[in-house]
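Source file: upload.txt (compact mmCIF, C-alpha atoms and all ligand atoms)
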# COMPACT_ATOMS: atom_id res chain seq x y z
CA MET L 1 10.18 16.24 75.71
CA GLN L 2 10.58 12.92 77.47
CA GLU L 3 6.93 12.27 76.64
CA LEU L 4 7.54 13.13 72.98
CA GLY L 5 10.28 10.55 72.81
CA GLU L 6 7.97 7.90 74.22
CA GLN L 7 5.19 8.84 71.82
CA MET L 8 7.53 8.53 68.84
CA GLN L 9 8.49 5.04 70.03
CA LEU L 10 4.83 4.20 70.33
CA VAL L 11 4.31 5.27 66.71
CA ALA L 12 7.30 3.24 65.52
CA GLY L 13 5.83 0.18 67.24
CA ALA L 14 2.38 0.83 65.80
CA ILE L 15 3.78 1.19 62.27
CA SER L 16 5.36 -2.25 62.46
CA ARG L 17 2.03 -3.71 63.56
CA GLU L 18 0.19 -1.68 60.90
CA ASP L 19 -1.94 -0.39 63.72
CA TRP L 20 -3.00 2.82 61.97
CA GLU L 21 -5.59 3.64 64.61
CA ALA L 22 -2.90 3.89 67.24
CA VAL L 23 -0.83 6.13 64.95
CA ALA L 24 -3.83 8.36 64.25
CA ASP L 25 -4.41 8.56 67.99
CA VAL L 26 -0.88 9.55 68.99
CA ALA L 27 0.01 11.84 66.05
CA PRO L 28 -2.05 14.83 67.22
CA LYS L 29 -0.53 14.47 70.69
CA ILE L 30 2.91 14.79 69.13
CA ALA L 31 1.73 17.76 67.08
CA LYS L 32 0.20 19.57 70.04
CA HIS L 33 2.72 18.47 72.62
CA ARG L 34 2.31 19.94 76.02
CA ALA L 35 3.64 23.47 75.94
CA PRO L 36 6.02 24.39 78.72
CA SER L 37 4.52 26.43 81.55
CA PHE L 38 4.29 30.14 80.93
CA THR L 39 7.28 31.09 83.06
CA GLU L 40 9.34 28.31 81.53
CA LYS L 41 8.37 29.51 78.09
CA ALA L 42 9.29 33.09 78.97
CA ARG L 43 12.67 31.88 80.20
CA ILE L 44 13.23 29.87 77.04
CA MET L 45 12.30 32.76 74.80
CA ALA L 46 14.48 35.18 76.76
CA PHE L 47 17.40 32.78 76.49
CA LEU L 48 16.87 32.19 72.78
CA GLY L 49 16.66 35.90 71.99
CA GLY L 50 17.27 36.29 68.28
CA HIS L 51 16.86 32.54 67.76
CA ALA L 52 13.29 32.48 69.07
CA ALA L 53 11.73 32.69 65.60
CA GLU L 54 13.92 29.82 64.38
CA PHE L 55 12.94 27.74 67.40
CA ARG L 56 9.23 28.36 66.79
CA ALA L 57 9.64 27.52 63.11
CA ALA L 58 11.20 24.17 64.04
CA ASP L 59 8.33 23.56 66.42
CA ARG L 60 5.81 24.35 63.67
CA LEU L 61 7.61 22.00 61.28
CA THR L 62 7.24 19.20 63.81
CA HIS L 63 3.58 20.05 64.24
CA ASP L 64 2.85 19.99 60.50
CA ALA L 65 4.71 16.73 59.91
CA ALA L 66 2.91 15.06 62.84
CA MET L 67 -0.49 16.21 61.57
CA LYS L 68 0.39 14.85 58.14
CA MET L 69 1.30 11.54 59.76
CA GLY L 70 -2.07 11.46 61.54
CA GLY L 71 -3.91 12.16 58.29
CA ALA L 72 -2.07 9.39 56.47
CA ALA L 73 -2.87 7.00 59.34
CA GLN L 74 -6.55 7.84 59.08
CA ARG L 75 -6.41 6.92 55.39
CA ARG L 76 -4.54 3.73 56.38
CA ASP L 77 -1.84 4.92 54.02
CA GLY L 78 1.19 3.08 55.41
CA GLU L 79 3.66 4.59 52.94
CA GLY L 80 2.41 8.06 53.78
CA VAL L 81 2.72 7.40 57.51
CA ILE L 82 6.31 6.23 57.16
CA GLN L 83 7.24 9.21 55.02
CA ALA L 84 5.65 11.64 57.48
CA TYR L 85 7.29 9.78 60.38
CA ALA L 86 10.66 10.45 58.79
CA GLU L 87 9.74 14.11 58.41
CA VAL L 88 8.82 14.33 62.08
CA GLN L 89 12.13 12.73 63.04
CA GLN L 90 13.99 15.17 60.80
CA ALA L 91 12.20 18.07 62.48
CA CYS L 92 13.08 16.73 65.96
CA LEU L 93 16.68 16.22 64.94
CA ALA L 94 17.05 19.64 63.33
CA CYS L 95 15.96 21.42 66.49
CA HIS L 96 18.04 19.20 68.75
CA GLN L 97 21.16 19.70 66.68
CA ALA L 98 20.63 23.44 66.72
CA HIS L 99 19.56 23.93 70.32
CA ARG L 100 19.79 20.98 72.68
CA LYS L 101 23.37 21.44 73.77
CA GLU L 102 23.13 25.14 74.57
CA PHE L 103 19.86 24.48 76.41
CA ARG L 104 21.31 21.75 78.53
CA THR L 105 24.31 23.81 79.56
CA HIS L 106 22.20 26.89 80.20
CA PHE L 107 19.26 25.38 82.07
CA TYR L 108 20.71 22.27 83.64
CA GLY L 109 24.20 23.60 84.19
CA GLY L 110 26.85 21.39 82.69
CA ALA L 111 26.87 17.94 81.17
CA PRO L 112 25.61 18.17 77.60
C1 LIG L 201 11.70 23.49 68.71
C2 LIG L 201 12.81 22.66 69.15
C3 LIG L 201 12.58 21.19 69.42
C4 LIG L 201 11.84 20.31 68.69
C5 LIG L 201 11.07 20.56 67.41
C6 LIG L 201 11.94 19.04 69.36
N1 LIG L 201 12.73 19.14 70.49
FE1 LIG L 201 13.19 17.62 71.77
N2 LIG L 201 14.40 18.88 72.81
C7 LIG L 201 14.56 20.24 72.55
C8 LIG L 201 15.48 20.81 73.52
C9 LIG L 201 15.90 22.26 73.56
C10 LIG L 201 15.86 19.74 74.37
C11 LIG L 201 16.84 19.81 75.56
C12 LIG L 201 16.17 20.39 76.74
C13 LIG L 201 15.30 19.42 77.45
O1 LIG L 201 15.72 18.28 77.65
O2 LIG L 201 14.20 19.83 77.87
C14 LIG L 201 15.17 18.54 73.90
C15 LIG L 201 15.26 17.28 74.49
C16 LIG L 201 14.59 16.14 74.06
C17 LIG L 201 14.64 14.83 74.70
C18 LIG L 201 15.48 14.47 75.90
C19 LIG L 201 14.70 14.74 77.14
C20 LIG L 201 15.49 14.35 78.35
O3 LIG L 201 14.93 14.54 79.43
O4 LIG L 201 16.62 13.89 78.22
C21 LIG L 201 13.80 13.99 74.01
C22 LIG L 201 13.51 12.51 74.29
C23 LIG L 201 13.22 14.78 72.94
N3 LIG L 201 13.71 16.07 73.01
C24 LIG L 201 12.33 14.28 72.02
C25 LIG L 201 11.84 15.00 70.94
C26 LIG L 201 11.04 14.42 69.87
C27 LIG L 201 10.65 12.96 69.77
C28 LIG L 201 10.77 15.44 69.01
C29 LIG L 201 9.96 15.39 67.72
C30 LIG L 201 8.66 14.83 67.78
C31 LIG L 201 11.38 16.65 69.54
N4 LIG L 201 12.02 16.34 70.71
C32 LIG L 201 11.30 17.87 68.92
C33 LIG L 201 13.98 20.96 71.52
C34 LIG L 201 13.14 20.45 70.55
Would you mind writing the file out in structure tokens?
Ligand code: HEC
Amino acid sequence: MQELGEQMQLVAGAISREDWEAVADVAPKIAKHRAPSFTEKARIMAFLGGHAAEFRAADRLTHDAAMKMGGAAQRRDGEGVIQAYAEVQQACLACHQAHRKEFRTHFYGGAP
């Protein structure tokens, strides 16, 4: 997750430089972000229970938006990149608003 945050900052920087190659390079990394280890994933899914499908859907939304951003960057379509960037951010935000707090309290015990 930390890595995702850094990659999004990288993209924001690249957009302002119109460095579409850098965007095209990072976008798939955002889309296919490192999955948590198997045991971690099992713990997350067990904790989420009935919300697991929702969580996966949010993850897929992020993936699709990031791939779209990469495609636009390859076409050097700045408008398209910015639009897709906003979609990625919306997908990050939606999942965070729904799940971050309960995750933090459950897995890191305390301070949200
Ligand atoms: C499917 C749900 C989901 C999506 C989508 C998601 N996140 Fe997260 N994110 C979480 C959860 C849950 C946490 C809190 C647990 C944690 O810190 O590992 C979190 C925490 C974070 C943190 C804080 C990490 C820290 O150590 O404080 C950052 C930064 C972050 N996410 C970035 C992103 C970015 C950028 C995206 C979009 C590209 C994104 N996330 C998409 C679920 C998601």
Within 12 Å of stretch 37-49 of chain L using only C-alpha atoms, minus same-chain residues under 6 positions, as JSON, numbers by chain: {"L": [55, 56, 98, 99, 100, 102, 103, 104, 105, 106, 107]}
Write the residues you've just listed into a file as a PDB file, in the coordinates of the input, and include C-alpha atoms for each of them.
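And here's selection.pdb as it stands now:
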ATOM      1  CA  PHE L  55      12.940  27.740  67.400  1.00  0.00           C
ATOM      2  CA  ARG L  56       9.230  28.360  66.790  1.00  0.00           C
ATOM      3  CA  ALA L  98      20.630  23.440  66.720  1.00  0.00           C
ATOM      4  CA  HIS L  99      19.560  23.930  70.320  1.00  0.00           C
ATOM      5  CA  ARG L 100      19.790  20.980  72.680  1.00  0.00           C
ATOM      6  CA  GLU L 102      23.130  25.140  74.570  1.00  0.00           C
ATOM      7  CA  PHE L 103      19.860  24.480  76.410  1.00  0.00           C
ATOM      8  CA  ARG L 104      21.310  21.750  78.530  1.00  0.00           C
ATOM      9  CA  THR L 105      24.310  23.810  79.560  1.00  0.00           C
ATOM     10  CA  HIS L 106      22.200  26.890  80.200  1.00  0.00           C
ATOM     11  CA  PHE L 107      19.260  25.380  82.070  1.00  0.00           C
TER      12      PHE L 107
END
So that each row is one residue of chain L with an atom at most 6 Å from ligand LIG 201 (chain L), can you give its shortest atom pair and the distance in Å to one decimal, using only C-alpha atoms and all ligand atoms, rows by chain and rising number, as a Markdown table?
| residue | atom | partner | partner_atom | distance |
| --- | --- | --- | --- | --- |
| L:Met1 | CA | L:LIG201 | C23 | 4.4 |
| L:Gln2 | CA | L:LIG201 | C22 | 4.3 |
| L:Leu4 | CA | L:LIG201 | C27 | 4.5 |
| L:Gly5 | CA | L:LIG201 | C27 | 3.9 |
| L:Met8 | CA | L:LIG201 | C27 | 5.5 |
| L:Ile30 | CA | L:LIG201 | C30 | 5.9 |
| L:Phe55 | CA | L:LIG201 | C1 | 4.6 |
| L:Arg56 | CA | L:LIG201 | C1 | 5.8 |
| L:Ala58 | CA | L:LIG201 | C1 | 4.7 |
| L:Asp59 | CA | L:LIG201 | C1 | 4.1 |
| L:Thr62 | CA | L:LIG201 | C5 | 5.4 |
| L:Val88 | CA | L:LIG201 | C30 | 5.7 |
| L:Gln89 | CA | L:LIG201 | C29 | 5.8 |
| L:Ala91 | CA | L:LIG201 | C5 | 5.6 |
| L:Cys92 | CA | L:LIG201 | C32 | 3.6 |
| L:Cys95 | CA | L:LIG201 | C2 | 4.3 |
| L:His96 | CA | L:LIG201 | C33 | 5.2 |
| L:His99 | CA | L:LIG201 | C9 | 5.2 |
| L:Arg100 | CA | L:LIG201 | C9 | 4.2 |
| L:Phe103 | CA | L:LIG201 | C9 | 5.4 |
| L:Arg104 | CA | L:LIG201 | C12 | 5.6 |
Tell me, in Å to one decimal, how far atom CA of L:Glu3 is from atom CA of L:Gly70.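 About the pair atom CA of L:Glu3 and atom CA of L:Gly70: they are 17.6 Å apart.
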12 Å contact set for L:Ser16, all atoms listed in the file, chain neighbours under 5 positions out, as a PyMOL selection string: chain L and resi 9-11+22-23+78-79+81-82
Hey, can you check how far atom CA of L:Val26 sits from atom CA of L:Gln7?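 It comes out at 6.7 Å.
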Counting all atoms listed in the file, closest pick from L:Gly109, L:Ala72, L:Lys101, L:Gln90 relative to L:Trp20 is L:Ala72
Shortest interatomic distance to L:Ile15 - which of L:Met67, L:Ala94, L:Ala27, L:His51, counting only C-alpha atoms: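 Using only C-alpha atoms, L:Ile15 sits closest to L:Ala27.
In this model, the gap between atom CA of L:Arg75 and atom CA of L:Lys32 comes to 20.5 Å.
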Within 8 Å of L:Glu21, counting only C-alpha atoms, which residues show up once you throw out same-chain ones fewer than 4 positions away? Write them as a VMD selection string, please. chain L and resid 25 73 to 74
